[in-house]
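**Student:** Okay, here's the structure, questions in a sec.
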Amino acid sequence: SWAWDDHHLEKDNLWATIREEVDRDSRAEPMLASFFYSTVLAHQTIEESLAFILANKLHCNVLPATQLMQLFLEVFSSEELEVKSGFLADLLATFDRDPACKKYSTCLLYFKGFHAIQTHRVAHHFWRQGRHALAVMLQSRSSEAFDTDIHPAAKIGKGIMLDHATGLVVGETSVVGDGCSILHSVTLGGSGKTGGDRHPKIGRDVVIGAGALILGNVRVGDGSKVGAGSVVVKEVPPMHVAVGVPAKNMPINKNRHIHPEAPPNKSAPPPPPKAPPLASQWTPGLTFKVGSWLGIRSAEEQRSGPKPVKALP
């Protein structure tokens, strides 16, 4: 399962770092001072801050932000360690893997993929408790606010990065392992089966490219990658790349030569590029025809003098 590395910040240090980042941004942009204060600086814990942010993104006319904040805070502050450790792992994973994430506060405040997965974690918590109406309501609001549709029954591990997240669809019986990175417009969908276990099972540390479709109860093995725009309808073994429509599996070889045409001996240089055919290899007939089209006379024609002009009838 996903675990903290030595370079990862513990929760208290992470929260202190986020507050320092936001305080600097607030001084640099005074116009945003009230925004930074209400979302981060006014709160004592990261759980309170995240609950406030999600509530203000998901509220509507008939569902006030105050009620939603209380709902989220109740889950984040409970003994449900899966939700609490999940959102911390997701934040750290996004900072590690997304080159566009320069600060921890950027993910917390602005990345809707992070917000969508945290909303799902709360919805999944209520789904497991049998409070299906509340879980489905959160799913619906998340799909409207973040343009992601993740069924509350789907099981999603820790350390997940949803990059951009727009158009993501995750079916009811889907399973996503720890440490996965999923880009936008990805579908973990069914293949037409009307019920039962009908959605993909994604292993640990899998990367799924933008626009990929993984359909049916198929497994993608640990450490594998699915290429952008691919359609996966059969199992992908661990440490393989699946690309194409339908996708074909190729093993990941980290030591392969950069030249695909090179011989197995890695020390051997790659073959030279094929040279274009020389002029001496051209057929005389073709040269004669091309010369005639261009108005160029051959050597034989030049020796024989000008062609006689035919008199008109």
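Ligands are numbered from 1 in the order shown, chains are lettered A, B, ... in the order of the structure tokens, and residues start at 1 in each chain.
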Within 10 Å of Ala65 of chain A, counting only C-alpha atoms, which residues qualify if same-chain residues fewer than 2 places away don't, as an MDAnalysis selection string?
**Tutor:** chainID A and resid 51:63 67:71
**Student:** Limited to all heavy atoms, could you put the picked residues into a file as a tab-separated table (two decimals), in the first residue's frame?
**Tutor:**
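Written out: part14.tsv:
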```tsv
chain	number	residue	atom	x	y	z
A	51	ALA	N	-12.40	21.03	4.64
A	51	ALA	CA	-13.86	20.99	4.76
A	51	ALA	C	-14.48	22.30	4.28
A	51	ALA	O	-15.51	22.31	3.59
A	51	ALA	CB	-14.26	20.70	6.21
A	52	PHE	N	-13.86	23.42	4.64
A	52	PHE	CA	-14.37	24.73	4.20
A	52	PHE	C	-14.29	24.87	2.68
A	52	PHE	O	-15.22	25.34	2.03
A	52	PHE	CB	-13.57	25.84	4.89
A	52	PHE	CG	-14.00	27.23	4.51
A	52	PHE	CD1	-15.00	27.88	5.21
A	52	PHE	CD2	-13.40	27.90	3.45
A	52	PHE	CE1	-15.41	29.15	4.87
A	52	PHE	CE2	-13.79	29.18	3.10
A	52	PHE	CZ	-14.80	29.81	3.80
A	53	ILE	N	-13.16	24.48	2.10
A	53	ILE	CA	-12.96	24.61	0.65
A	53	ILE	C	-13.98	23.77	-0.10
A	53	ILE	O	-14.64	24.24	-1.05
A	53	ILE	CB	-11.52	24.21	0.27
A	53	ILE	CG1	-10.53	25.24	0.83
A	53	ILE	CG2	-11.37	24.09	-1.24
A	53	ILE	CD1	-9.08	24.79	0.75
A	54	LEU	N	-14.14	22.50	0.28
A	54	LEU	CA	-15.08	21.62	-0.42
A	54	LEU	C	-16.52	22.10	-0.27
A	54	LEU	O	-17.31	22.07	-1.22
A	54	LEU	CB	-14.94	20.19	0.10
A	54	LEU	CG	-13.62	19.48	-0.18
A	54	LEU	CD1	-13.63	18.08	0.42
A	54	LEU	CD2	-13.35	19.41	-1.68
A	55	ALA	N	-16.87	22.55	0.94
A	55	ALA	CA	-18.24	22.99	1.17
A	55	ALA	C	-18.59	24.19	0.30
A	55	ALA	O	-19.70	24.27	-0.25
A	55	ALA	CB	-18.42	23.34	2.65
A	56	ASN	N	-17.66	25.11	0.13
A	56	ASN	CA	-17.94	26.29	-0.67
A	56	ASN	C	-17.91	26.01	-2.17
A	56	ASN	O	-18.42	26.81	-2.96
A	56	ASN	CB	-16.94	27.40	-0.32
A	56	ASN	CG	-17.32	28.13	0.94
A	56	ASN	OD1	-18.11	29.08	0.93
A	56	ASN	ND2	-16.78	27.67	2.07
A	57	LYS	N	-17.33	24.91	-2.58
A	57	LYS	CA	-17.36	24.53	-3.99
A	57	LYS	C	-18.59	23.71	-4.33
A	57	LYS	O	-19.03	23.68	-5.48
A	57	LYS	CB	-16.09	23.76	-4.35
A	57	LYS	CG	-14.85	24.65	-4.42
A	57	LYS	CD	-13.63	23.87	-4.86
A	57	LYS	CE	-12.43	24.80	-4.99
A	57	LYS	NZ	-12.58	25.78	-6.10
A	58	LEU	N	-19.16	23.00	-3.36
A	58	LEU	CA	-20.26	22.08	-3.62
A	58	LEU	C	-21.63	22.60	-3.20
A	58	LEU	O	-22.64	21.97	-3.52
A	58	LEU	CB	-20.00	20.75	-2.90
A	58	LEU	CG	-18.77	19.95	-3.36
A	58	LEU	CD1	-18.54	18.76	-2.46
A	58	LEU	CD2	-18.93	19.50	-4.80
A	59	HIS	N	-21.68	23.72	-2.52
A	59	HIS	CA	-22.97	24.18	-2.01
A	59	HIS	C	-23.88	24.63	-3.16
A	59	HIS	O	-23.43	24.93	-4.27
A	59	HIS	CB	-22.78	25.34	-1.03
A	59	HIS	CG	-22.49	26.65	-1.69
A	59	HIS	ND1	-23.46	27.58	-1.96
A	59	HIS	CD2	-21.32	27.19	-2.15
A	59	HIS	CE1	-22.92	28.63	-2.56
A	59	HIS	NE2	-21.62	28.41	-2.68
A	60	CYS	N	-25.16	24.65	-2.90
A	60	CYS	CA	-26.14	25.14	-3.86
A	60	CYS	C	-27.26	25.84	-3.09
A	60	CYS	O	-27.20	25.96	-1.87
A	60	CYS	CB	-26.70	23.99	-4.72
A	60	CYS	SG	-27.52	22.70	-3.79
A	61	ASN	N	-28.29	26.28	-3.78
A	61	ASN	CA	-29.34	27.07	-3.13
A	61	ASN	C	-30.07	26.30	-2.04
A	61	ASN	O	-30.53	26.90	-1.06
A	61	ASN	CB	-30.35	27.55	-4.18
A	61	ASN	CG	-29.74	28.54	-5.14
A	61	ASN	OD1	-28.78	29.23	-4.80
A	61	ASN	ND2	-30.28	28.62	-6.35
A	62	VAL	N	-30.19	24.99	-2.21
A	62	VAL	CA	-30.93	24.20	-1.23
A	62	VAL	C	-30.01	23.39	-0.33
A	62	VAL	O	-30.48	22.59	0.48
A	62	VAL	CB	-31.92	23.25	-1.95
A	62	VAL	CG1	-32.99	24.06	-2.67
A	62	VAL	CG2	-31.20	22.33	-2.92
A	63	LEU	N	-28.70	23.59	-0.47
A	63	LEU	CA	-27.74	22.86	0.35
A	63	LEU	C	-26.66	23.84	0.79
A	63	LEU	O	-25.65	24.02	0.10
A	63	LEU	CB	-27.12	21.71	-0.46
A	63	LEU	CG	-26.44	20.59	0.33
A	63	LEU	CD1	-27.43	19.92	1.27
A	63	LEU	CD2	-25.84	19.57	-0.62
A	67	GLN	N	-23.84	23.67	6.24
A	67	GLN	CA	-24.20	22.28	6.50
A	67	GLN	C	-23.18	21.32	5.89
A	67	GLN	O	-22.82	20.31	6.51
A	67	GLN	CB	-25.60	21.99	5.94
A	67	GLN	CG	-26.73	22.66	6.70
A	67	GLN	CD	-28.09	22.24	6.18
A	67	GLN	OE1	-28.21	21.45	5.24
A	67	GLN	NE2	-29.15	22.78	6.78
A	68	LEU	N	-22.73	21.62	4.68
A	68	LEU	CA	-21.76	20.75	4.04
A	68	LEU	C	-20.42	20.76	4.78
A	68	LEU	O	-19.78	19.71	4.93
A	68	LEU	CB	-21.54	21.19	2.59
A	68	LEU	CG	-22.64	20.81	1.60
A	68	LEU	CD1	-22.37	21.44	0.24
A	68	LEU	CD2	-22.74	19.30	1.46
A	69	MET	N	-20.02	21.94	5.26
A	69	MET	CA	-18.77	22.00	6.01
A	69	MET	C	-18.85	21.14	7.27
A	69	MET	O	-17.90	20.43	7.61
A	69	MET	CB	-18.44	23.45	6.38
A	69	MET	CG	-17.11	23.57	7.13
A	69	MET	SD	-16.67	25.27	7.51
A	69	MET	CE	-15.17	25.00	8.47
A	70	GLN	N	-19.97	21.21	7.96
A	70	GLN	CA	-20.14	20.39	9.16
A	70	GLN	C	-20.09	18.91	8.81
A	70	GLN	O	-19.51	18.09	9.55
A	70	GLN	CB	-21.47	20.74	9.84
A	70	GLN	CG	-21.70	19.99	11.14
A	70	GLN	CD	-23.01	20.41	11.79
A	70	GLN	OE1	-23.73	21.27	11.29
A	70	GLN	NE2	-23.32	19.80	12.93
A	71	LEU	N	-20.67	18.56	7.65
A	71	LEU	CA	-20.68	17.17	7.21
A	71	LEU	C	-19.27	16.68	6.92
A	71	LEU	O	-18.85	15.61	7.38
A	71	LEU	CB	-21.57	17.05	5.96
A	71	LEU	CG	-21.79	15.65	5.40
A	71	LEU	CD1	-22.68	14.83	6.33
A	71	LEU	CD2	-22.42	15.73	4.01
```
**Student:** Name all residues at most 9 Å from Asn217 of chain A (count only C-alpha atoms; drop same-chain ones fewer than 6 positions away) and give them as an MDAnalysis selection string.
**Tutor:** chainID A and resid 173:174 189:191 197:201 233:235
**Student:** Just how far from atom CA of Ser230 of chain A is atom CA of Lys193 of chain A, in Å to one decimal?
**Tutor:**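 Separating atom CA of Lys193 of chain A from atom CA of Ser230 of chain A is a distance of 20.9 Å.
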**Student:** Write down as a PyMOL selection string the residues belonging to segment 127-267 of chain A that are assigned alpha helix (DSSP H) by DSSP computed on the backbone.
**Tutor:** chain A and resi 127-128+132-146
**Student:** So, counting only C-alpha atoms, which residue among A:Glu21, A:Glu47, A:Glu10, A:Asp163 is closest to Arg97 of chain A?
**Tutor:** A:Asp163
**Student:** Rank A:Gly130, A:Pro237, A:Gly203, A:Gly113 by their smallest atom-to-atom distance to Leu183 of chain A, using only C-alpha atoms, and report the top residue only.
**Tutor:**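 Of A:Gly130, A:Pro237, A:Gly203, A:Gly113, the one nearest Leu183 of chain A is A:Gly113, counting only C-alpha atoms.
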**Student:** Using Å and a single decimal, report how far atom CA of Val220 of chain A sits from atom CA of Ser85 of chain A.
**Tutor:**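 The value is 24.6 Å.
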**Student:** Using DSSP on the backbone coordinates, identify the residues of segment 71-252 of chain A assigned to strand (DSSP E); present them as a PyMOL selection string.
**Tutor:** chain A and resi 148-150+155-156+161-162+168-170+175-176+181-182+187-189+201-202+207-208+213-215+219-220+225-226+231-232+240-243+248-251
**Student:** For the selection you just gave me, I'd like the residues written to a file as a CSV table (one decimal), in the first residue's frame, keeping C-alpha atoms.
**Tutor:**
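And here is the file that came out, result-v5.csv:
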```csv
chain,number,residue,atom,x,y,z
A,148,THR,CA,-16.1,14.1,-12.7
A,149,ASP,CA,-18.5,11.2,-12.2
A,150,ILE,CA,-17.2,8.7,-9.6
A,155,LYS,CA,-13.0,1.6,-4.2
A,156,ILE,CA,-10.1,4.0,-4.6
A,161,MET,CA,-3.3,11.9,-8.6
A,162,LEU,CA,-6.2,13.0,-10.8
A,168,LEU,CA,-13.4,11.2,-15.6
A,169,VAL,CA,-15.9,8.4,-15.2
A,170,VAL,CA,-15.5,5.6,-12.7
A,175,VAL,CA,-11.3,-0.7,-8.0
A,176,VAL,CA,-8.2,1.6,-8.2
A,181,SER,CA,-2.1,8.6,-11.7
A,182,ILE,CA,-5.1,9.2,-13.9
A,187,THR,CA,-13.4,6.0,-18.4
A,188,LEU,CA,-13.4,3.0,-16.1
A,189,GLY,CA,-16.7,1.6,-17.5
A,201,LYS,CA,-9.7,-3.4,-11.5
A,202,ILE,CA,-6.7,-1.2,-11.6
A,207,VAL,CA,-0.6,5.4,-15.1
A,208,ILE,CA,-3.7,5.9,-17.3
A,213,LEU,CA,-11.2,3.7,-22.1
A,214,ILE,CA,-10.9,0.6,-19.9
A,215,LEU,CA,-14.1,-1.4,-20.3
A,219,ARG,CA,-7.5,-6.1,-14.6
A,220,VAL,CA,-4.6,-3.7,-15.2
A,225,LYS,CA,0.6,2.1,-18.2
A,226,VAL,CA,-2.3,2.7,-20.5
A,231,VAL,CA,-9.3,1.1,-25.6
A,232,VAL,CA,-8.6,-1.7,-23.1
A,240,HIS,CA,3.2,-3.7,-19.4
A,241,VAL,CA,2.2,-0.8,-21.7
A,242,ALA,CA,-1.2,-1.1,-23.3
A,243,VAL,CA,-1.7,1.1,-26.4
A,248,LYS,CA,-2.1,-4.3,-27.4
A,249,ASN,CA,0.2,-5.2,-24.5
A,250,MET,CA,3.9,-4.7,-24.6
A,251,PRO,CA,6.3,-5.4,-21.7
```
**Student:** Distance atom CA of Pro152 of chain A-atom CA of Ala135 of chain A, one decimal place?
**Tutor:**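 Separation between atom CA of Pro152 of chain A and atom CA of Ala135 of chain A: 6.1 Å.
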**Student:** For Val206 of chain A, list every protein, DNA or RNA residue within 6 Å, evaluated using only C-alpha atoms, and leave out those in the same chain fewer than 4 positions away; present the list as a PyMOL selection string.
**Tutor:** chain A and resi 180+223-225
**Student:** Skip Ser185 of chain A itself and residues of its chain fewer than 2 positions away, then list as a PyMOL selection string all residues within 6 Å of it, counting only C-alpha atoms.
**Tutor:** chain A and resi 166-168+210-211
**Student:** Just C-alpha atoms for this one: save the residues we selected as an mmCIF file, in the first residue's frame.
**Tutor:**
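Output contents, as saved in out-v5.cif:
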```cif
data_model
loop_
_atom_site.group_PDB
_atom_site.id
_atom_site.type_symbol
_atom_site.label_atom_id
_atom_site.label_comp_id
_atom_site.auth_asym_id
_atom_site.auth_seq_id
_atom_site.Cartn_x
_atom_site.Cartn_y
_atom_site.Cartn_z
ATOM 1 C CA THR A 166 -12.287 16.749 -16.471
ATOM 2 C CA GLY A 167 -14.480 14.018 -17.941
ATOM 3 C CA LEU A 168 -13.377 11.243 -15.581
ATOM 4 C CA ALA A 210 -5.809 11.013 -21.260
ATOM 5 C CA GLY A 211 -8.905 9.730 -23.031
#
```
